[in-house]
$ cat entry_3.cif   # mmCIF, N, CA and C atoms
data_model
loop_
_atom_site.label_atom_id
_atom_site.label_comp_id
_atom_site.auth_asym_id
_atom_site.auth_seq_id
_atom_site.Cartn_x
_atom_site.Cartn_y
_atom_site.Cartn_z
N MET A 1 120.06 114.22 78.56
CA MET A 1 120.13 114.06 80.00
C MET A 1 118.99 113.14 80.44
N ILE A 2 119.18 112.46 81.54
CA ILE A 2 118.19 111.47 81.99
C ILE A 2 116.85 112.11 82.32
N THR A 3 116.86 113.32 82.88
CA THR A 3 115.58 113.95 83.22
C THR A 3 114.77 114.28 81.98
N GLU A 4 115.44 114.68 80.91
CA GLU A 4 114.73 114.96 79.66
C GLU A 4 114.11 113.69 79.09
N GLU A 5 114.85 112.59 79.17
CA GLU A 5 114.34 111.32 78.66
C GLU A 5 113.15 110.83 79.50
N LEU A 6 113.27 110.97 80.81
CA LEU A 6 112.16 110.57 81.68
C LEU A 6 110.93 111.43 81.43
N ALA A 7 111.12 112.72 81.27
CA ALA A 7 110.00 113.62 81.01
C ALA A 7 109.35 113.29 79.66
N HIS A 8 110.18 112.99 78.67
CA HIS A 8 109.66 112.62 77.36
C HIS A 8 108.84 111.33 77.46
N ASN A 9 109.37 110.33 78.14
CA ASN A 9 108.64 109.06 78.30
C ASN A 9 107.33 109.25 79.06
N ARG A 10 107.38 110.07 80.09
CA ARG A 10 106.16 110.37 80.86
C ARG A 10 105.10 110.99 79.96
N ASP A 11 105.52 111.98 79.20
CA ASP A 11 104.58 112.67 78.32
C ASP A 11 104.02 111.73 77.26
N GLU A 12 104.89 110.88 76.72
CA GLU A 12 104.44 109.92 75.71
C GLU A 12 103.42 108.94 76.27
N TRP A 13 103.62 108.46 77.49
CA TRP A 13 102.66 107.53 78.09
C TRP A 13 101.33 108.22 78.38
N PHE A 14 101.39 109.48 78.84
CA PHE A 14 100.14 110.22 79.02
C PHE A 14 99.42 110.41 77.69
N HIS A 15 100.19 110.70 76.65
CA HIS A 15 99.62 110.86 75.32
C HIS A 15 98.98 109.55 74.85
N ARG A 16 99.67 108.44 75.04
CA ARG A 16 99.13 107.14 74.65
C ARG A 16 97.83 106.84 75.39
N ALA A 17 97.80 107.16 76.67
CA ALA A 17 96.59 106.93 77.46
C ALA A 17 95.42 107.72 76.89
N ASN A 18 95.66 108.97 76.53
CA ASN A 18 94.60 109.80 75.95
C ASN A 18 94.15 109.26 74.60
N GLU A 19 95.10 108.81 73.79
CA GLU A 19 94.76 108.23 72.49
C GLU A 19 93.92 106.96 72.66
N LEU A 20 94.29 106.15 73.63
CA LEU A 20 93.52 104.92 73.88
C LEU A 20 92.10 105.24 74.34
N ARG A 21 91.96 106.23 75.20
CA ARG A 21 90.62 106.61 75.65
C ARG A 21 89.78 107.13 74.48
N SER A 22 90.41 107.87 73.59
CA SER A 22 89.72 108.35 72.41
C SER A 22 89.27 107.18 71.53
N LEU A 23 90.13 106.20 71.36
CA LEU A 23 89.79 105.01 70.58
C LEU A 23 88.63 104.25 71.22
N ALA A 24 88.65 104.13 72.53
CA ALA A 24 87.56 103.45 73.23
C ALA A 24 86.24 104.19 73.02
N GLU A 25 86.30 105.51 73.06
CA GLU A 25 85.09 106.31 72.83
C GLU A 25 84.56 106.10 71.41
N GLU A 26 85.47 106.03 70.46
CA GLU A 26 85.06 105.77 69.08
C GLU A 26 84.40 104.40 68.95
N CYS A 27 84.92 103.41 69.64
CA CYS A 27 84.31 102.07 69.62
C CYS A 27 82.89 102.13 70.17
N ARG A 28 82.68 102.94 71.19
CA ARG A 28 81.34 103.05 71.79
C ARG A 28 80.36 103.77 70.86
N ARG A 29 80.89 104.60 69.97
CA ARG A 29 80.02 105.39 69.08
C ARG A 29 79.66 104.67 67.79
N ILE A 30 80.27 103.54 67.53
CA ILE A 30 80.00 102.84 66.27
C ILE A 30 78.53 102.44 66.23
N ASP A 31 77.88 102.85 65.15
CA ASP A 31 76.47 102.58 64.99
C ASP A 31 76.30 101.24 64.27
N VAL A 32 75.52 100.36 64.86
CA VAL A 32 75.28 99.05 64.25
C VAL A 32 73.81 98.94 63.87
N TRP A 33 73.52 98.01 63.02
CA TRP A 33 72.15 97.84 62.57
C TRP A 33 71.32 97.14 63.64
N ASP A 34 70.02 97.32 63.55
CA ASP A 34 69.08 96.78 64.53
C ASP A 34 68.71 95.35 64.14
N SER A 35 69.47 94.41 64.65
CA SER A 35 69.24 93.00 64.39
C SER A 35 69.97 92.20 65.47
N PRO A 36 69.73 90.91 65.56
CA PRO A 36 70.48 90.11 66.53
C PRO A 36 71.99 90.16 66.27
N ALA A 37 72.38 90.11 65.01
CA ALA A 37 73.81 90.19 64.69
C ALA A 37 74.36 91.57 65.06
N GLY A 38 73.58 92.61 64.83
CA GLY A 38 74.00 93.95 65.20
C GLY A 38 74.15 94.11 66.70
N ALA A 39 73.23 93.50 67.44
CA ALA A 39 73.31 93.56 68.90
C ALA A 39 74.57 92.84 69.40
N LEU A 40 74.87 91.70 68.80
CA LEU A 40 76.08 90.97 69.18
C LEU A 40 77.33 91.78 68.84
N LEU A 41 77.32 92.40 67.68
CA LEU A 41 78.45 93.23 67.28
C LEU A 41 78.62 94.40 68.24
N ARG A 42 77.51 95.01 68.63
CA ARG A 42 77.57 96.12 69.59
C ARG A 42 78.17 95.67 70.92
N GLU A 43 77.77 94.49 71.39
CA GLU A 43 78.34 93.96 72.64
C GLU A 43 79.85 93.77 72.51
N ARG A 44 80.27 93.28 71.36
CA ARG A 44 81.71 93.07 71.14
C ARG A 44 82.45 94.41 71.13
N PHE A 45 81.89 95.40 70.47
CA PHE A 45 82.53 96.72 70.45
C PHE A 45 82.63 97.30 71.86
N LEU A 46 81.59 97.11 72.67
CA LEU A 46 81.62 97.62 74.03
C LEU A 46 82.68 96.89 74.86
N ALA A 47 82.80 95.58 74.65
CA ALA A 47 83.82 94.81 75.36
C ALA A 47 85.22 95.26 74.96
N VAL A 48 85.41 95.51 73.67
CA VAL A 48 86.70 96.02 73.19
C VAL A 48 86.98 97.39 73.81
N ALA A 49 85.99 98.24 73.86
CA ALA A 49 86.16 99.57 74.45
C ALA A 49 86.56 99.46 75.91
N ASP A 50 85.93 98.55 76.65
CA ASP A 50 86.29 98.36 78.06
C ASP A 50 87.73 97.90 78.21
N SER A 51 88.16 97.01 77.33
CA SER A 51 89.55 96.53 77.37
C SER A 51 90.53 97.65 77.04
N ILE A 52 90.16 98.48 76.10
CA ILE A 52 91.03 99.60 75.73
C ILE A 52 91.16 100.59 76.88
N VAL A 53 90.09 100.80 77.62
CA VAL A 53 90.13 101.70 78.78
C VAL A 53 91.08 101.13 79.84
N ILE A 54 91.08 99.82 80.01
CA ILE A 54 92.01 99.19 80.95
C ILE A 54 93.45 99.47 80.52
N LEU A 55 93.72 99.34 79.23
CA LEU A 55 95.06 99.65 78.72
C LEU A 55 95.41 101.12 78.94
N ALA A 56 94.44 102.00 78.76
CA ALA A 56 94.68 103.43 78.99
C ALA A 56 95.02 103.69 80.46
N ASP A 57 94.32 103.02 81.36
CA ASP A 57 94.62 103.17 82.79
C ASP A 57 96.04 102.71 83.10
N ARG A 58 96.45 101.63 82.47
CA ARG A 58 97.82 101.13 82.68
C ARG A 58 98.84 102.10 82.10
N ALA A 59 98.53 102.69 80.97
CA ALA A 59 99.43 103.70 80.39
C ALA A 59 99.55 104.90 81.34
N ASP A 60 98.43 105.29 81.96
CA ASP A 60 98.47 106.38 82.94
C ASP A 60 99.37 106.01 84.12
N ARG A 61 99.27 104.78 84.57
CA ARG A 61 100.11 104.35 85.70
C ARG A 61 101.59 104.37 85.32
N LEU A 62 101.90 103.96 84.10
CA LEU A 62 103.29 104.04 83.65
C LEU A 62 103.77 105.48 83.60
N ALA A 63 102.92 106.37 83.13
CA ALA A 63 103.28 107.79 83.09
C ALA A 63 103.51 108.32 84.49
N GLU A 64 102.68 107.91 85.43
CA GLU A 64 102.85 108.34 86.82
C GLU A 64 104.14 107.78 87.41
N ALA A 65 104.49 106.56 87.04
CA ALA A 65 105.76 105.98 87.51
C ALA A 65 106.95 106.76 86.95
N TYR A 66 106.87 107.13 85.67
CA TYR A 66 107.93 107.95 85.09
C TYR A 66 107.99 109.30 85.78
N ASP A 67 106.84 109.86 86.13
CA ASP A 67 106.81 111.15 86.81
C ASP A 67 107.46 111.04 88.19
N LEU A 68 107.14 109.98 88.91
CA LEU A 68 107.75 109.77 90.23
C LEU A 68 109.26 109.61 90.10
N HIS A 69 109.68 108.81 89.15
CA HIS A 69 111.11 108.61 88.93
C HIS A 69 111.79 109.94 88.58
N LEU A 70 111.12 110.72 87.74
CA LEU A 70 111.65 112.03 87.37
C LEU A 70 111.80 112.93 88.59
N GLN A 71 110.83 112.92 89.47
CA GLN A 71 110.90 113.74 90.68
C GLN A 71 112.07 113.31 91.56
N VAL A 72 112.24 112.01 91.69
CA VAL A 72 113.33 111.50 92.53
C VAL A 72 114.68 111.87 91.93
N VAL A 73 114.82 111.65 90.63
CA VAL A 73 116.08 111.95 89.95
C VAL A 73 116.36 113.46 89.99
N SER A 74 115.32 114.26 89.87
CA SER A 74 115.49 115.71 89.85
C SER A 74 116.08 116.24 91.14
N VAL A 75 115.83 115.57 92.24
CA VAL A 75 116.39 116.03 93.52
C VAL A 75 117.68 115.27 93.88
N GLY A 76 118.16 114.50 92.91
CA GLY A 76 119.44 113.81 93.12
C GLY A 76 119.32 112.49 93.84
N GLY A 77 118.12 111.97 93.92
CA GLY A 77 117.93 110.69 94.61
C GLY A 77 118.00 109.52 93.66
N ARG A 78 117.74 108.37 94.23
CA ARG A 78 117.76 107.15 93.45
C ARG A 78 116.55 106.32 93.83
N LEU A 79 115.85 105.84 92.82
CA LEU A 79 114.65 105.05 93.05
C LEU A 79 115.03 103.58 92.99
N GLN A 80 114.80 102.87 94.08
CA GLN A 80 115.11 101.44 94.11
C GLN A 80 113.85 100.66 94.38
N ILE A 81 113.67 99.63 93.61
CA ILE A 81 112.47 98.79 93.74
C ILE A 81 112.86 97.48 94.38
#

$ encode --input "entry_3.cif" --output "structure tokens"
Amino acid sequence: MITEELAHNRDEWFHRANELRSLAEECRRIDVWDSPAGALLRERFLAVADSIVILADRADRLAEAYDLHLQVVSVGGRLQI
């Protein structure tokens, strides 16, 4: 049924968002050596972590869109963009 598929997609996007946030946190925890190259590597890891958080936010928005669509469909409505 469409509501089951929408709920599954919503849950999957929320799960992906959480996984991405976890990955970003792991990037922030990577220990680098104390040197100019290590400092540069640390900056790169932090930049990657920031980008991953942006992706996680977008995954959350997709999950919220699926949730809204699910709510509309559940009451017999139709979502038109």

$ atom_distance --input "entry_3.cif" --atom1 "CA of Ala65 in chain A" --atom2 "atom N of Val53 in chain A"
19.2 Å

$ select_by_dssp --input "entry_3.cif" --residues "chain A" --states "helix (DSSP H, G or I)" --output "PyMOL selection string"
chain A and resi 2-29+36-74

$ closest_atom_pairs --input "entry_3.cif" --of "range 23-49 of chain A" --to "range 11-19 of chain A" --cutoff "8 Å" --atoms "only N, CA and C atoms" --output "CSV"
residue,atom,partner,partner_atom,distance
A:Leu23,N,A:Glu19,C,4.1
A:Ala24,N,A:Glu19,C,6.0
A:Glu25,N,A:Glu19,C,7.8

$ resolve_selection --input "entry_3.cif" --expression "the PyMOL selection byres ((chain A and resi 46-51) around 6.5)" --output "PDB file with N, CA and C atoms, keeping the file's coordinate frame"
ATOM      1  N   LEU A  23      90.130 106.200  71.360  1.00  0.00           N
ATOM      2  CA  LEU A  23      89.790 105.010  70.580  1.00  0.00           C
ATOM      3  C   LEU A  23      88.630 104.250  71.220  1.00  0.00           C
ATOM      4  N   ALA A  24      88.650 104.130  72.530  1.00  0.00           N
ATOM      5  CA  ALA A  24      87.560 103.450  73.230  1.00  0.00           C
ATOM      6  C   ALA A  24      86.240 104.190  73.020  1.00  0.00           C
ATOM      7  N   GLU A  25      86.300 105.510  73.060  1.00  0.00           N
ATOM      8  CA  GLU A  25      85.090 106.310  72.830  1.00  0.00           C
ATOM      9  C   GLU A  25      84.560 106.100  71.410  1.00  0.00           C
ATOM     10  N   CYS A  27      84.920 103.410  69.640  1.00  0.00           N
ATOM     11  CA  CYS A  27      84.310 102.070  69.620  1.00  0.00           C
ATOM     12  C   CYS A  27      82.890 102.130  70.170  1.00  0.00           C
ATOM     13  N   ARG A  28      82.680 102.940  71.190  1.00  0.00           N
ATOM     14  CA  ARG A  28      81.340 103.050  71.790  1.00  0.00           C
ATOM     15  C   ARG A  28      80.360 103.770  70.860  1.00  0.00           C
ATOM     16  N   LEU A  41      77.320  92.400  67.680  1.00  0.00           N
ATOM     17  CA  LEU A  41      78.450  93.230  67.280  1.00  0.00           C
ATOM     18  C   LEU A  41      78.620  94.400  68.240  1.00  0.00           C
ATOM     19  N   ARG A  42      77.510  95.010  68.630  1.00  0.00           N
ATOM     20  CA  ARG A  42      77.570  96.120  69.590  1.00  0.00           C
ATOM     21  C   ARG A  42      78.170  95.670  70.920  1.00  0.00           C
ATOM     22  N   GLU A  43      77.770  94.490  71.390  1.00  0.00           N
ATOM     23  CA  GLU A  43      78.340  93.960  72.640  1.00  0.00           C
ATOM     24  C   GLU A  43      79.850  93.770  72.510  1.00  0.00           C
ATOM     25  N   ARG A  44      80.270  93.280  71.360  1.00  0.00           N
ATOM     26  CA  ARG A  44      81.710  93.070  71.140  1.00  0.00           C
ATOM     27  C   ARG A  44      82.450  94.410  71.130  1.00  0.00           C
ATOM     28  N   PHE A  45      81.890  95.400  70.470  1.00  0.00           N
ATOM     29  CA  PHE A  45      82.530  96.720  70.450  1.00  0.00           C
ATOM     30  C   PHE A  45      82.630  97.300  71.860  1.00  0.00           C
ATOM     31  N   ILE A  52      90.160  98.480  76.100  1.00  0.00           N
ATOM     32  CA  ILE A  52      91.030  99.600  75.730  1.00  0.00           C
ATOM     33  C   ILE A  52      91.160 100.590  76.880  1.00  0.00           C
ATOM     34  N   VAL A  53      90.090 100.800  77.620  1.00  0.00           N
ATOM     35  CA  VAL A  53      90.130 101.700  78.780  1.00  0.00           C
ATOM     36  C   VAL A  53      91.080 101.130  79.840  1.00  0.00           C
ATOM     37  N   ILE A  54      91.080  99.820  80.010  1.00  0.00           N
ATOM     38  CA  ILE A  54      92.010  99.190  80.950  1.00  0.00           C
ATOM     39  C   ILE A  54      93.450  99.470  80.520  1.00  0.00           C
ATOM     40  N   LEU A  55      93.720  99.340  79.230  1.00  0.00           N
ATOM     41  CA  LEU A  55      95.060  99.650  78.720  1.00  0.00           C
ATOM     42  C   LEU A  55      95.410 101.120  78.940  1.00  0.00           C
ATOM     43  N   ALA A  56      94.440 102.000  78.760  1.00  0.00           N
ATOM     44  CA  ALA A  56      94.680 103.430  78.990  1.00  0.00           C
ATOM     45  C   ALA A  56      95.020 103.690  80.460  1.00  0.00           C
TER      46      ALA A  56
END

$ atom_distance --input "entry_3.cif" --atom1 "CA of Ala39 in chain A" --atom2 "CA of Arg21 in chain A"
22.7 Å

$ atom_distance --input "entry_3.cif" --atom1 "CA of Val73 in chain A" --atom2 "CA of Leu6 in chain A"
9.3 Å

$ resolve_selection --input "entry_3.cif" --expression "the PyMOL selection byres (((chain A and resi 7 and name CA) around 10) and name CA)" --output "PyMOL selection string"
chain A and resi 2-6+8-13+63+66-67+69-71

$ decode --input "entry_3.cif" --residues "range 20-47 of chain A" --atoms "N, CA, C and O atoms" --output "mmCIF file, in the first residue's frame"
data_model
loop_
_atom_site.group_PDB
_atom_site.id
_atom_site.type_symbol
_atom_site.label_atom_id
_atom_site.label_comp_id
_atom_site.auth_asym_id
_atom_site.auth_seq_id
_atom_site.Cartn_x
_atom_site.Cartn_y
_atom_site.Cartn_z
ATOM 1 N N LEU A 20 24.638 9.581 8.492
ATOM 2 C CA LEU A 20 25.522 10.646 8.008
ATOM 3 C C LEU A 20 26.068 11.481 9.165
ATOM 4 O O LEU A 20 27.250 11.835 9.179
ATOM 5 N N ARG A 21 25.228 11.789 10.124
ATOM 6 C CA ARG A 21 25.700 12.554 11.285
ATOM 7 C C ARG A 21 26.749 11.766 12.066
ATOM 8 O O ARG A 21 27.725 12.328 12.558
ATOM 9 N N SER A 22 26.547 10.473 12.173
ATOM 10 C CA SER A 22 27.524 9.627 12.841
ATOM 11 C C SER A 22 28.850 9.635 12.082
ATOM 12 O O SER A 22 29.926 9.724 12.691
ATOM 13 N N LEU A 23 28.788 9.560 10.776
ATOM 14 C CA LEU A 23 29.991 9.611 9.948
ATOM 15 C C LEU A 23 30.714 10.947 10.114
ATOM 16 O O LEU A 23 31.941 10.997 10.242
ATOM 17 N N ALA A 24 29.961 12.028 10.151
ATOM 18 C CA ALA A 24 30.563 13.350 10.344
ATOM 19 C C ALA A 24 31.269 13.431 11.697
ATOM 20 O O ALA A 24 32.373 13.979 11.802
ATOM 21 N N GLU A 25 30.644 12.858 12.707
ATOM 22 C CA GLU A 25 31.258 12.853 14.043
ATOM 23 C C GLU A 25 32.556 12.048 14.035
ATOM 24 O O GLU A 25 33.540 12.446 14.653
ATOM 25 N N GLU A 26 32.549 10.935 13.327
ATOM 26 C CA GLU A 26 33.771 10.134 13.220
ATOM 27 C C GLU A 26 34.875 10.920 12.508
ATOM 28 O O GLU A 26 36.041 10.837 12.896
ATOM 29 N N CYS A 27 34.524 11.669 11.490
ATOM 30 C CA CYS A 27 35.519 12.504 10.795
ATOM 31 C C CYS A 27 36.125 13.529 11.749
ATOM 32 O O CYS A 27 37.322 13.824 11.677
ATOM 33 N N ARG A 28 35.300 14.065 12.633
ATOM 34 C CA ARG A 28 35.800 15.066 13.589
ATOM 35 C C ARG A 28 36.710 14.446 14.641
ATOM 36 O O ARG A 28 37.538 15.132 15.230
ATOM 37 N N ARG A 29 36.543 13.153 14.889
ATOM 38 C CA ARG A 29 37.328 12.480 15.929
ATOM 39 C C ARG A 29 38.660 11.928 15.432
ATOM 40 O O ARG A 29 39.452 11.461 16.250
ATOM 41 N N ILE A 30 38.885 11.962 14.143
ATOM 42 C CA ILE A 30 40.124 11.388 13.615
ATOM 43 C C ILE A 30 41.314 12.159 14.174
ATOM 44 O O ILE A 30 41.381 13.381 14.087
ATOM 45 N N ASP A 31 42.222 11.412 14.764
ATOM 46 C CA ASP A 31 43.393 12.011 15.379
ATOM 47 C C ASP A 31 44.510 12.097 14.334
ATOM 48 O O ASP A 31 44.844 11.106 13.688
ATOM 49 N N VAL A 32 45.054 13.287 14.173
ATOM 50 C CA VAL A 32 46.142 13.481 13.211
ATOM 51 C C VAL A 32 47.406 13.867 13.963
ATOM 52 O O VAL A 32 47.364 14.274 15.113
ATOM 53 N N TRP A 33 48.511 13.722 13.296
ATOM 54 C CA TRP A 33 49.778 14.030 13.934
ATOM 55 C C TRP A 33 49.992 15.542 13.999
ATOM 56 O O TRP A 33 49.407 16.304 13.248
ATOM 57 N N ASP A 34 50.844 15.956 14.907
ATOM 58 C CA ASP A 34 51.113 17.371 15.148
ATOM 59 C C ASP A 34 52.206 17.847 14.192
ATOM 60 O O ASP A 34 53.398 17.738 14.490
ATOM 61 N N SER A 35 51.782 18.330 13.051
ATOM 62 C CA SER A 35 52.698 18.844 12.042
ATOM 63 C C SER A 35 51.895 19.720 11.092
ATOM 64 O O SER A 35 50.667 19.711 11.130
ATOM 65 N N PRO A 36 52.553 20.460 10.227
ATOM 66 C CA PRO A 36 51.804 21.255 9.246
ATOM 67 C C PRO A 36 50.915 20.375 8.351
ATOM 68 O O PRO A 36 49.770 20.735 8.065
ATOM 69 N N ALA A 37 51.435 19.234 7.935
ATOM 70 C CA ALA A 37 50.627 18.325 7.113
ATOM 71 C C ALA A 37 49.447 17.786 7.920
ATOM 72 O O ALA A 37 48.332 17.653 7.400
ATOM 73 N N GLY A 38 49.671 17.485 9.183
ATOM 74 C CA GLY A 38 48.597 17.006 10.039
ATOM 75 C C GLY A 38 47.517 18.060 10.234
ATOM 76 O O GLY A 38 46.327 17.751 10.238
ATOM 77 N N ALA A 39 47.951 19.308 10.387
ATOM 78 C CA ALA A 39 46.988 20.400 10.545
ATOM 79 C C ALA A 39 46.147 20.566 9.277
ATOM 80 O O ALA A 39 44.925 20.773 9.351
ATOM 81 N N LEU A 40 46.789 20.455 8.133
ATOM 82 C CA LEU A 40 46.058 20.549 6.867
ATOM 83 C C LEU A 40 45.073 19.391 6.724
ATOM 84 O O LEU A 40 43.924 19.592 6.316
ATOM 85 N N LEU A 41 45.517 18.206 7.094
ATOM 86 C CA LEU A 41 44.642 17.044 7.030
ATOM 87 C C LEU A 41 43.450 17.217 7.964
ATOM 88 O O LEU A 41 42.315 16.911 7.604
ATOM 89 N N ARG A 42 43.701 17.740 9.151
ATOM 90 C CA ARG A 42 42.614 17.988 10.108
ATOM 91 C C ARG A 42 41.595 18.967 9.538
ATOM 92 O O ARG A 42 40.386 18.766 9.651
ATOM 93 N N GLU A 43 42.079 20.032 8.895
ATOM 94 C CA GLU A 43 41.170 21.004 8.269
ATOM 95 C C GLU A 43 40.313 20.335 7.203
ATOM 96 O O GLU A 43 39.118 20.620 7.090
ATOM 97 N N ARG A 44 40.933 19.455 6.437
ATOM 98 C CA ARG A 44 40.183 18.750 5.383
ATOM 99 C C ARG A 44 39.118 17.846 5.993
ATOM 100 O O ARG A 44 37.992 17.782 5.502
ATOM 101 N N PHE A 45 39.473 17.128 7.048
ATOM 102 C CA PHE A 45 38.492 16.265 7.704
ATOM 103 C C PHE A 45 37.330 17.081 8.263
ATOM 104 O O PHE A 45 36.172 16.662 8.182
ATOM 105 N N LEU A 46 37.621 18.243 8.825
ATOM 106 C CA LEU A 46 36.560 19.089 9.360
ATOM 107 C C LEU A 46 35.658 19.609 8.241
ATOM 108 O O LEU A 46 34.434 19.689 8.398
ATOM 109 N N ALA A 47 36.265 19.954 7.107
ATOM 110 C CA ALA A 47 35.472 20.418 5.960
ATOM 111 C C ALA A 47 34.581 19.295 5.442
ATOM 112 O O ALA A 47 33.405 19.516 5.107
#
